[in-house]
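start_5.cif (mmCIF, N, CA and C atoms) appears below.
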data_run
#
loop_
_atom_site.label_atom_id
_atom_site.label_comp_id
_atom_site.auth_asym_id
_atom_site.auth_seq_id
_atom_site.Cartn_x
_atom_site.Cartn_y
_atom_site.Cartn_z
N MET O 1 21.96 -5.61 8.75
CA MET O 1 22.82 -4.64 8.12
C MET O 1 23.36 -3.69 9.20
N SER O 2 24.62 -3.39 9.13
CA SER O 2 25.25 -2.53 10.13
C SER O 2 24.86 -1.07 9.91
N VAL O 3 25.02 -0.27 10.96
CA VAL O 3 24.73 1.16 10.86
C VAL O 3 25.65 1.80 9.83
N GLY O 4 26.92 1.36 9.78
CA GLY O 4 27.85 1.90 8.80
C GLY O 4 27.41 1.62 7.38
N LYS O 5 26.95 0.41 7.14
CA LYS O 5 26.48 0.03 5.80
C LYS O 5 25.22 0.82 5.43
N LEU O 6 24.31 0.97 6.38
CA LEU O 6 23.10 1.77 6.13
C LEU O 6 23.47 3.22 5.83
N THR O 7 24.44 3.75 6.56
CA THR O 7 24.88 5.13 6.36
C THR O 7 25.44 5.30 4.95
N GLU O 8 26.30 4.40 4.52
CA GLU O 8 26.86 4.45 3.17
C GLU O 8 25.75 4.41 2.12
N MET O 9 24.79 3.53 2.33
CA MET O 9 23.70 3.37 1.38
C MET O 9 22.87 4.66 1.27
N VAL O 10 22.53 5.25 2.41
CA VAL O 10 21.71 6.46 2.42
C VAL O 10 22.46 7.62 1.77
N VAL O 11 23.72 7.79 2.10
CA VAL O 11 24.51 8.89 1.54
C VAL O 11 24.56 8.80 0.01
N GLY O 12 24.62 7.59 -0.51
CA GLY O 12 24.71 7.41 -1.95
C GLY O 12 23.38 7.44 -2.69
N MET O 13 22.28 7.56 -1.97
CA MET O 13 20.96 7.53 -2.60
C MET O 13 20.60 8.86 -3.23
N ASN O 14 19.78 8.78 -4.24
CA ASN O 14 19.26 9.98 -4.89
C ASN O 14 17.94 10.36 -4.23
N ILE O 15 18.05 10.89 -3.00
CA ILE O 15 16.89 11.30 -2.22
C ILE O 15 17.16 12.70 -1.67
N PRO O 16 16.10 13.40 -1.25
CA PRO O 16 16.32 14.75 -0.72
C PRO O 16 17.27 14.75 0.47
N THR O 17 18.06 15.79 0.57
CA THR O 17 19.05 15.92 1.63
C THR O 17 18.42 15.87 3.00
N ASN O 18 17.24 16.49 3.17
CA ASN O 18 16.62 16.49 4.50
C ASN O 18 16.25 15.07 4.93
N VAL O 19 15.90 14.19 4.01
CA VAL O 19 15.61 12.80 4.35
C VAL O 19 16.90 12.08 4.72
N LYS O 20 17.99 12.37 4.00
CA LYS O 20 19.29 11.78 4.35
C LYS O 20 19.70 12.17 5.76
N ILE O 21 19.52 13.44 6.10
CA ILE O 21 19.90 13.92 7.43
C ILE O 21 19.07 13.23 8.50
N LYS O 22 17.77 13.11 8.28
CA LYS O 22 16.91 12.41 9.25
C LYS O 22 17.38 10.97 9.42
N ALA O 23 17.70 10.33 8.33
CA ALA O 23 18.15 8.94 8.39
C ALA O 23 19.44 8.82 9.18
N LEU O 24 20.39 9.66 8.87
CA LEU O 24 21.69 9.58 9.55
C LEU O 24 21.56 9.86 11.04
N ARG O 25 20.71 10.83 11.40
CA ARG O 25 20.49 11.10 12.83
C ARG O 25 19.87 9.89 13.51
N ALA O 26 18.89 9.29 12.86
CA ALA O 26 18.23 8.12 13.45
C ALA O 26 19.20 6.96 13.61
N PHE O 27 20.09 6.78 12.64
CA PHE O 27 21.05 5.69 12.70
C PHE O 27 22.02 5.83 13.87
N HIS O 28 22.33 7.05 14.24
CA HIS O 28 23.40 7.28 15.20
C HIS O 28 22.94 7.71 16.59
N ILE O 29 21.65 7.60 16.88
CA ILE O 29 21.17 7.92 18.22
C ILE O 29 21.76 6.91 19.19
N ASN O 30 22.61 7.40 20.05
CA ASN O 30 23.26 6.55 21.06
C ASN O 30 23.90 5.29 20.48
N GLY O 31 24.26 5.33 19.23
CA GLY O 31 24.92 4.19 18.60
C GLY O 31 23.98 3.04 18.28
N THR O 32 22.69 3.24 18.49
CA THR O 32 21.72 2.20 18.18
C THR O 32 20.65 2.75 17.26
N CYS O 33 19.88 1.88 16.73
CA CYS O 33 18.83 2.29 15.81
C CYS O 33 17.59 1.44 16.11
N SER O 34 16.66 2.00 16.88
CA SER O 34 15.44 1.26 17.20
C SER O 34 14.44 1.38 16.06
N LEU O 35 13.50 0.46 16.02
CA LEU O 35 12.47 0.53 14.99
C LEU O 35 11.67 1.83 15.09
N ASN O 36 11.41 2.27 16.31
CA ASN O 36 10.66 3.51 16.48
C ASN O 36 11.42 4.72 15.96
N SER O 37 12.74 4.74 16.13
CA SER O 37 13.51 5.89 15.66
C SER O 37 13.71 5.88 14.15
N ILE O 38 13.76 4.71 13.56
CA ILE O 38 14.02 4.63 12.12
C ILE O 38 12.74 4.58 11.29
N SER O 39 11.61 4.26 11.89
CA SER O 39 10.36 4.11 11.14
C SER O 39 10.00 5.34 10.30
N PRO O 40 10.07 6.56 10.85
CA PRO O 40 9.73 7.71 10.01
C PRO O 40 10.66 7.87 8.80
N VAL O 41 11.91 7.51 8.98
CA VAL O 41 12.88 7.63 7.89
C VAL O 41 12.60 6.60 6.80
N ILE O 42 12.39 5.35 7.20
CA ILE O 42 12.08 4.31 6.22
C ILE O 42 10.82 4.68 5.46
N TYR O 43 9.84 5.17 6.20
CA TYR O 43 8.59 5.59 5.58
C TYR O 43 8.86 6.67 4.52
N GLU O 44 9.64 7.67 4.87
CA GLU O 44 9.95 8.77 3.94
C GLU O 44 10.70 8.27 2.70
N LEU O 45 11.55 7.27 2.88
CA LEU O 45 12.32 6.73 1.76
C LEU O 45 11.46 5.94 0.78
N ILE O 46 10.46 5.24 1.29
CA ILE O 46 9.71 4.28 0.48
C ILE O 46 8.34 4.79 0.05
N CYS O 47 7.66 5.52 0.90
CA CYS O 47 6.25 5.83 0.66
C CYS O 47 6.05 7.19 -0.01
N ASP O 48 5.12 7.20 -0.91
CA ASP O 48 4.59 8.42 -1.48
C ASP O 48 3.09 8.19 -1.67
N SER O 49 2.38 9.17 -2.18
CA SER O 49 0.93 9.03 -2.28
C SER O 49 0.52 7.88 -3.19
N SER O 50 1.26 7.66 -4.24
CA SER O 50 0.95 6.56 -5.16
C SER O 50 1.14 5.20 -4.49
N THR O 51 2.24 5.07 -3.76
CA THR O 51 2.53 3.82 -3.05
C THR O 51 1.46 3.55 -2.00
N GLU O 52 1.11 4.58 -1.25
CA GLU O 52 0.07 4.44 -0.22
C GLU O 52 -1.26 3.99 -0.85
N LYS O 53 -1.60 4.60 -1.97
CA LYS O 53 -2.86 4.26 -2.66
C LYS O 53 -2.83 2.81 -3.12
N ASP O 54 -1.72 2.38 -3.70
CA ASP O 54 -1.59 0.99 -4.14
C ASP O 54 -1.69 0.02 -2.96
N ALA O 55 -1.07 0.39 -1.85
CA ALA O 55 -1.10 -0.48 -0.67
C ALA O 55 -2.51 -0.60 -0.11
N GLU O 56 -3.25 0.50 -0.11
CA GLU O 56 -4.62 0.48 0.41
C GLU O 56 -5.53 -0.43 -0.40
N SER O 57 -5.22 -0.60 -1.68
CA SER O 57 -6.07 -1.43 -2.53
C SER O 57 -5.61 -2.89 -2.60
N ALA O 58 -4.58 -3.24 -1.85
CA ALA O 58 -4.08 -4.63 -1.85
C ALA O 58 -5.14 -5.56 -1.25
N ASP O 59 -5.21 -6.75 -1.81
CA ASP O 59 -6.20 -7.74 -1.37
C ASP O 59 -5.69 -8.68 -0.28
N SER O 60 -4.40 -8.64 0.00
CA SER O 60 -3.83 -9.53 1.02
C SER O 60 -2.61 -8.86 1.63
N LEU O 61 -2.15 -9.41 2.73
CA LEU O 61 -0.93 -8.90 3.34
C LEU O 61 0.27 -9.08 2.42
N GLU O 62 0.30 -10.18 1.69
CA GLU O 62 1.40 -10.43 0.75
C GLU O 62 1.45 -9.35 -0.32
N GLU O 63 0.28 -9.02 -0.89
CA GLU O 63 0.22 -7.95 -1.90
C GLU O 63 0.60 -6.61 -1.30
N TRP O 64 0.11 -6.35 -0.08
CA TRP O 64 0.42 -5.10 0.62
C TRP O 64 1.93 -4.97 0.80
N LYS O 65 2.56 -6.03 1.25
CA LYS O 65 4.01 -6.05 1.45
C LYS O 65 4.73 -5.81 0.12
N ASP O 66 4.29 -6.47 -0.93
CA ASP O 66 4.94 -6.34 -2.24
C ASP O 66 4.89 -4.92 -2.78
N VAL O 67 3.82 -4.19 -2.47
CA VAL O 67 3.74 -2.80 -2.92
C VAL O 67 4.96 -2.03 -2.43
N PHE O 68 5.30 -2.21 -1.17
CA PHE O 68 6.44 -1.49 -0.60
C PHE O 68 7.78 -2.06 -1.04
N LEU O 69 7.83 -3.37 -1.22
CA LEU O 69 9.10 -3.98 -1.66
C LEU O 69 9.52 -3.48 -3.03
N TYR O 70 8.56 -3.21 -3.88
CA TYR O 70 8.89 -2.84 -5.26
C TYR O 70 8.68 -1.36 -5.54
N ALA O 71 8.44 -0.57 -4.50
CA ALA O 71 8.31 0.89 -4.64
C ALA O 71 9.69 1.52 -4.72
N GLN O 72 9.73 2.73 -5.21
CA GLN O 72 10.96 3.53 -5.25
C GLN O 72 12.13 2.76 -5.85
N ASP O 73 11.94 2.32 -7.08
CA ASP O 73 12.98 1.58 -7.81
C ASP O 73 13.42 0.31 -7.10
N ALA O 74 12.47 -0.33 -6.42
CA ALA O 74 12.69 -1.62 -5.75
C ALA O 74 13.85 -1.56 -4.75
N LEU O 75 13.91 -0.46 -4.02
CA LEU O 75 14.95 -0.26 -3.02
C LEU O 75 15.01 -1.43 -2.04
N LEU O 76 13.86 -1.87 -1.55
CA LEU O 76 13.85 -2.94 -0.55
C LEU O 76 14.00 -4.33 -1.15
N ALA O 77 13.75 -4.47 -2.43
CA ALA O 77 13.80 -5.79 -3.07
C ALA O 77 15.18 -6.42 -2.99
N SER O 78 16.21 -5.61 -2.90
CA SER O 78 17.57 -6.15 -2.86
C SER O 78 17.99 -6.60 -1.45
N PHE O 79 17.19 -6.29 -0.44
CA PHE O 79 17.50 -6.70 0.93
C PHE O 79 17.17 -8.17 1.12
N ASP O 80 17.78 -8.81 2.11
CA ASP O 80 17.37 -10.18 2.44
C ASP O 80 16.00 -10.13 3.11
N SER O 81 15.33 -11.26 3.24
CA SER O 81 13.95 -11.27 3.72
C SER O 81 13.81 -10.72 5.15
N PHE O 82 14.79 -10.96 6.01
CA PHE O 82 14.73 -10.43 7.37
C PHE O 82 14.69 -8.90 7.34
N ASN O 83 15.61 -8.30 6.60
CA ASN O 83 15.67 -6.84 6.53
C ASN O 83 14.47 -6.26 5.77
N GLN O 84 13.96 -6.97 4.78
CA GLN O 84 12.74 -6.53 4.11
C GLN O 84 11.60 -6.45 5.12
N ASN O 85 11.44 -7.51 5.90
CA ASN O 85 10.35 -7.55 6.87
C ASN O 85 10.51 -6.48 7.94
N MET O 86 11.73 -6.20 8.34
CA MET O 86 11.95 -5.14 9.33
C MET O 86 11.58 -3.78 8.73
N ALA O 87 11.95 -3.55 7.48
CA ALA O 87 11.61 -2.28 6.83
C ALA O 87 10.10 -2.14 6.66
N ILE O 88 9.44 -3.23 6.28
CA ILE O 88 7.98 -3.20 6.13
C ILE O 88 7.33 -2.94 7.48
N GLU O 89 7.86 -3.54 8.54
CA GLU O 89 7.32 -3.27 9.87
C GLU O 89 7.50 -1.79 10.24
N CYS O 90 8.61 -1.21 9.86
CA CYS O 90 8.81 0.22 10.11
C CYS O 90 7.74 1.05 9.40
N ILE O 91 7.45 0.69 8.17
CA ILE O 91 6.42 1.41 7.40
C ILE O 91 5.08 1.27 8.10
N LEU O 92 4.75 0.06 8.53
CA LEU O 92 3.50 -0.17 9.23
C LEU O 92 3.43 0.63 10.53
N ARG O 93 4.51 0.62 11.29
CA ARG O 93 4.54 1.40 12.54
C ARG O 93 4.29 2.88 12.27
N GLU O 94 4.88 3.38 11.21
CA GLU O 94 4.71 4.80 10.89
C GLU O 94 3.29 5.09 10.40
N GLN O 95 2.71 4.17 9.63
CA GLN O 95 1.33 4.35 9.21
C GLN O 95 0.40 4.38 10.42
N ILE O 96 0.63 3.51 11.37
CA ILE O 96 -0.18 3.48 12.60
C ILE O 96 -0.06 4.82 13.32
N GLU O 97 1.15 5.33 13.41
CA GLU O 97 1.40 6.58 14.10
C GLU O 97 0.80 7.78 13.36
N ARG O 98 1.07 7.88 12.06
CA ARG O 98 0.63 9.05 11.29
C ARG O 98 -0.87 9.08 11.05
N TYR O 99 -1.44 7.92 10.77
CA TYR O 99 -2.83 7.88 10.33
C TYR O 99 -3.77 7.29 11.38
N HIS O 100 -3.26 7.12 12.60
CA HIS O 100 -4.06 6.61 13.71
C HIS O 100 -4.78 5.31 13.35
N LYS O 101 -4.04 4.44 12.68
CA LYS O 101 -4.58 3.12 12.35
C LYS O 101 -4.52 2.26 13.61
N PRO O 102 -5.35 1.23 13.65
CA PRO O 102 -5.36 0.38 14.85
C PRO O 102 -4.00 -0.29 15.10
N ALA O 103 -3.59 -0.28 16.35
CA ALA O 103 -2.33 -0.94 16.73
C ALA O 103 -2.42 -2.44 16.50
N ASP O 104 -3.63 -2.97 16.37
CA ASP O 104 -3.83 -4.39 16.08
C ASP O 104 -3.18 -4.79 14.76
N TYR O 105 -2.98 -3.83 13.89
CA TYR O 105 -2.34 -4.13 12.60
C TYR O 105 -0.96 -4.73 12.82
N LEU O 106 -0.28 -4.27 13.85
CA LEU O 106 1.06 -4.79 14.16
C LEU O 106 0.97 -6.24 14.61
N ASP O 107 -0.06 -6.58 15.37
CA ASP O 107 -0.28 -7.97 15.78
C ASP O 107 -0.54 -8.85 14.55
N THR O 108 -1.35 -8.34 13.64
CA THR O 108 -1.65 -9.09 12.42
C THR O 108 -0.38 -9.29 11.60
N TRP O 109 0.45 -8.27 11.52
CA TRP O 109 1.72 -8.38 10.80
C TRP O 109 2.60 -9.47 11.42
N ASN O 110 2.68 -9.49 12.73
CA ASN O 110 3.50 -10.51 13.42
C ASN O 110 2.94 -11.90 13.19
N LYS O 111 1.62 -12.05 13.15
CA LYS O 111 1.01 -13.33 12.85
C LYS O 111 1.31 -13.74 11.39
N TYR O 112 1.32 -12.76 10.51
CA TYR O 112 1.67 -13.02 9.11
C TYR O 112 3.10 -13.57 9.01
N LEU O 113 4.01 -12.95 9.74
CA LEU O 113 5.40 -13.40 9.72
C LEU O 113 5.54 -14.82 10.24
N LYS O 114 4.66 -15.19 11.17
CA LYS O 114 4.68 -16.55 11.72
C LYS O 114 3.84 -17.51 10.87
N LYS O 115 3.33 -16.99 9.75
CA LYS O 115 2.51 -17.77 8.81
C LYS O 115 1.20 -18.23 9.44
N GLU O 116 0.67 -17.42 10.38
CA GLU O 116 -0.60 -17.72 11.01
C GLU O 116 -1.76 -17.09 10.25
N VAL O 117 -1.50 -16.09 9.43
CA VAL O 117 -2.50 -15.45 8.57
C VAL O 117 -1.91 -15.22 7.19
N MET O 118 -2.76 -15.05 6.21
CA MET O 118 -2.29 -14.81 4.84
C MET O 118 -2.58 -13.42 4.40
#
Rewrite the coordinates I just gave you, this time as structure tokens.
Amino acid sequence: MSVGKLTEMVVGMNIPTNVKIKALRAFHINGTCSLNSISPVIYELICDSSTEKDAESADSLEEWKDVFLYAQDALLASFDSFNQNMAIECILREQIERYHKPADYLDTWNKYLKKEVM
């Protein structure tokens, strides 16, 4: 998805203005949008305490992923699988950063994407 398309989508969302501003700034940093710069924004758009609680109780990576895909009025469900996985990776990166979770979680996620783990 292009930065322009993401910008249009964020502007039209029913989310707090401060989250929109963070998103727009992240989208336009030097004309690029790295996973590290967008991760906090994606996290803010998708996660809340209920979503986090549901994700923590998931029995598999597939269930964990689905919690986020169908959170916040299924915002991510309408994306193609590549963009869904990128958004989920952003959420994971932010969880690792905010909650000091093991960085190994990112390795496990990458193995999941390669169908090496379930």
For segment 84-91 of chain O: contacts at 12 Å, only C-alpha atoms, fewer than 4 positions along chain excluded, given as a VMD selection string: chain O and resid 1 33 to 48 51 to 52 55 61 to 62 64 to 71 74 to 80 95 to 99 105 to 110 112 to 114
Write a file of the just-selected residues containing N, CA and C atoms, as a short mmCIF file (atom, residue, chain, number, x, y, z; two decimals), in the frame of the given file.
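Dumped to out-v1.cif:
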data_model
loop_
_atom_site.label_atom_id
_atom_site.label_comp_id
_atom_site.auth_asym_id
_atom_site.auth_seq_id
_atom_site.Cartn_x
_atom_site.Cartn_y
_atom_site.Cartn_z
N MET O 1 21.96 -5.61 8.75
CA MET O 1 22.82 -4.64 8.12
C MET O 1 23.36 -3.69 9.20
N CYS O 33 19.88 1.88 16.73
CA CYS O 33 18.83 2.29 15.81
C CYS O 33 17.59 1.44 16.11
N SER O 34 16.66 2.00 16.88
CA SER O 34 15.44 1.26 17.20
C SER O 34 14.44 1.38 16.06
N LEU O 35 13.50 0.46 16.02
CA LEU O 35 12.47 0.53 14.99
C LEU O 35 11.67 1.83 15.09
N ASN O 36 11.41 2.27 16.31
CA ASN O 36 10.66 3.51 16.48
C ASN O 36 11.42 4.72 15.96
N SER O 37 12.74 4.74 16.13
CA SER O 37 13.51 5.89 15.66
C SER O 37 13.71 5.88 14.15
N ILE O 38 13.76 4.71 13.56
CA ILE O 38 14.02 4.63 12.12
C ILE O 38 12.74 4.58 11.29
N SER O 39 11.61 4.26 11.89
CA SER O 39 10.36 4.11 11.14
C SER O 39 10.00 5.34 10.30
N PRO O 40 10.07 6.56 10.85
CA PRO O 40 9.73 7.71 10.01
C PRO O 40 10.66 7.87 8.80
N VAL O 41 11.91 7.51 8.98
CA VAL O 41 12.88 7.63 7.89
C VAL O 41 12.60 6.60 6.80
N ILE O 42 12.39 5.35 7.20
CA ILE O 42 12.08 4.31 6.22
C ILE O 42 10.82 4.68 5.46
N TYR O 43 9.84 5.17 6.20
CA TYR O 43 8.59 5.59 5.58
C TYR O 43 8.86 6.67 4.52
N GLU O 44 9.64 7.67 4.87
CA GLU O 44 9.95 8.77 3.94
C GLU O 44 10.70 8.27 2.70
N LEU O 45 11.55 7.27 2.88
CA LEU O 45 12.32 6.73 1.76
C LEU O 45 11.46 5.94 0.78
N ILE O 46 10.46 5.24 1.29
CA ILE O 46 9.71 4.28 0.48
C ILE O 46 8.34 4.79 0.05
N CYS O 47 7.66 5.52 0.90
CA CYS O 47 6.25 5.83 0.66
C CYS O 47 6.05 7.19 -0.01
N ASP O 48 5.12 7.20 -0.91
CA ASP O 48 4.59 8.42 -1.48
C ASP O 48 3.09 8.19 -1.67
N THR O 51 2.24 5.07 -3.76
CA THR O 51 2.53 3.82 -3.05
C THR O 51 1.46 3.55 -2.00
N GLU O 52 1.11 4.58 -1.25
CA GLU O 52 0.07 4.44 -0.22
C GLU O 52 -1.26 3.99 -0.85
N ALA O 55 -1.07 0.39 -1.85
CA ALA O 55 -1.10 -0.48 -0.67
C ALA O 55 -2.51 -0.60 -0.11
N LEU O 61 -2.15 -9.41 2.73
CA LEU O 61 -0.93 -8.90 3.34
C LEU O 61 0.27 -9.08 2.42
N GLU O 62 0.30 -10.18 1.69
CA GLU O 62 1.40 -10.43 0.75
C GLU O 62 1.45 -9.35 -0.32
N TRP O 64 0.11 -6.35 -0.08
CA TRP O 64 0.42 -5.10 0.62
C TRP O 64 1.93 -4.97 0.80
N LYS O 65 2.56 -6.03 1.25
CA LYS O 65 4.01 -6.05 1.45
C LYS O 65 4.73 -5.81 0.12
N ASP O 66 4.29 -6.47 -0.93
CA ASP O 66 4.94 -6.34 -2.24
C ASP O 66 4.89 -4.92 -2.78
N VAL O 67 3.82 -4.19 -2.47
CA VAL O 67 3.74 -2.80 -2.92
C VAL O 67 4.96 -2.03 -2.43
N PHE O 68 5.30 -2.21 -1.17
CA PHE O 68 6.44 -1.49 -0.60
C PHE O 68 7.78 -2.06 -1.04
N LEU O 69 7.83 -3.37 -1.22
CA LEU O 69 9.10 -3.98 -1.66
C LEU O 69 9.52 -3.48 -3.03
N TYR O 70 8.56 -3.21 -3.88
CA TYR O 70 8.89 -2.84 -5.26
C TYR O 70 8.68 -1.36 -5.54
N ALA O 71 8.44 -0.57 -4.50
CA ALA O 71 8.31 0.89 -4.64
C ALA O 71 9.69 1.52 -4.72
N ALA O 74 12.47 -0.33 -6.42
CA ALA O 74 12.69 -1.62 -5.75
C ALA O 74 13.85 -1.56 -4.75
N LEU O 75 13.91 -0.46 -4.02
CA LEU O 75 14.95 -0.26 -3.02
C LEU O 75 15.01 -1.43 -2.04
N LEU O 76 13.86 -1.87 -1.55
CA LEU O 76 13.85 -2.94 -0.55
C LEU O 76 14.00 -4.33 -1.15
N ALA O 77 13.75 -4.47 -2.43
CA ALA O 77 13.80 -5.79 -3.07
C ALA O 77 15.18 -6.42 -2.99
N SER O 78 16.21 -5.61 -2.90
CA SER O 78 17.57 -6.15 -2.86
C SER O 78 17.99 -6.60 -1.45
N PHE O 79 17.19 -6.29 -0.44
CA PHE O 79 17.50 -6.70 0.93
C PHE O 79 17.17 -8.17 1.12
N ASP O 80 17.78 -8.81 2.11
CA ASP O 80 17.37 -10.18 2.44
C ASP O 80 16.00 -10.13 3.11
N GLN O 95 2.71 4.17 9.63
CA GLN O 95 1.33 4.35 9.21
C GLN O 95 0.40 4.38 10.42
N ILE O 96 0.63 3.51 11.37
CA ILE O 96 -0.18 3.48 12.60
C ILE O 96 -0.06 4.82 13.32
N GLU O 97 1.15 5.33 13.41
CA GLU O 97 1.40 6.58 14.10
C GLU O 97 0.80 7.78 13.36
N ARG O 98 1.07 7.88 12.06
CA ARG O 98 0.63 9.05 11.29
C ARG O 98 -0.87 9.08 11.05
N TYR O 99 -1.44 7.92 10.77
CA TYR O 99 -2.83 7.88 10.33
C TYR O 99 -3.77 7.29 11.38
N TYR O 105 -2.98 -3.83 13.89
CA TYR O 105 -2.34 -4.13 12.60
C TYR O 105 -0.96 -4.73 12.82
N LEU O 106 -0.28 -4.27 13.85
CA LEU O 106 1.06 -4.79 14.16
C LEU O 106 0.97 -6.24 14.61
N ASP O 107 -0.06 -6.58 15.37
CA ASP O 107 -0.28 -7.97 15.78
C ASP O 107 -0.54 -8.85 14.55
N THR O 108 -1.35 -8.34 13.64
CA THR O 108 -1.65 -9.09 12.42
C THR O 108 -0.38 -9.29 11.60
N TRP O 109 0.45 -8.27 11.52
CA TRP O 109 1.72 -8.38 10.80
C TRP O 109 2.60 -9.47 11.42
N ASN O 110 2.68 -9.49 12.73
CA ASN O 110 3.50 -10.51 13.42
C ASN O 110 2.94 -11.90 13.19
N TYR O 112 1.32 -12.76 10.51
CA TYR O 112 1.67 -13.02 9.11
C TYR O 112 3.10 -13.57 9.01
N LEU O 113 4.01 -12.95 9.74
CA LEU O 113 5.40 -13.40 9.72
C LEU O 113 5.54 -14.82 10.24
N LYS O 114 4.66 -15.19 11.17
CA LYS O 114 4.68 -16.55 11.72
C LYS O 114 3.84 -17.51 10.87
#
Based on DSSP run over this structure's backbone, return all residues of chain O in helix (DSSP H, G or I), as a ChimeraX atom specification. /O:3-11,17-27,29-31,35-46,49-56,61-69,76-78,81-99,104-113
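The space between atom CA of Asp73 of chain O and atom CA of Lys101 of chain O spans 26.8 Å.
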Any idea what the distance is between atom CA of Lys22 of chain O and atom N of His100 of chain O? 21.1 Å
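Atom to atom, atom N of Glu8 of chain O and atom N of Leu24 of chain O stand 9.0 Å apart.
Near Val10 of chain O, within 12 Å and counting only C-alpha atoms, sit Val3, Gly4, Lys5, Leu6, Thr7, Met13, Asn14, Ile15, Pro16, Thr17, Asn18, Val19, Lys20, Ile21, Lys22, Ala23, Leu24, Arg25, Ala26, Phe27, Val41, Ile42, Leu45 and Leu75 of chain O; same-chain residues fewer than 3 positions away were not included.
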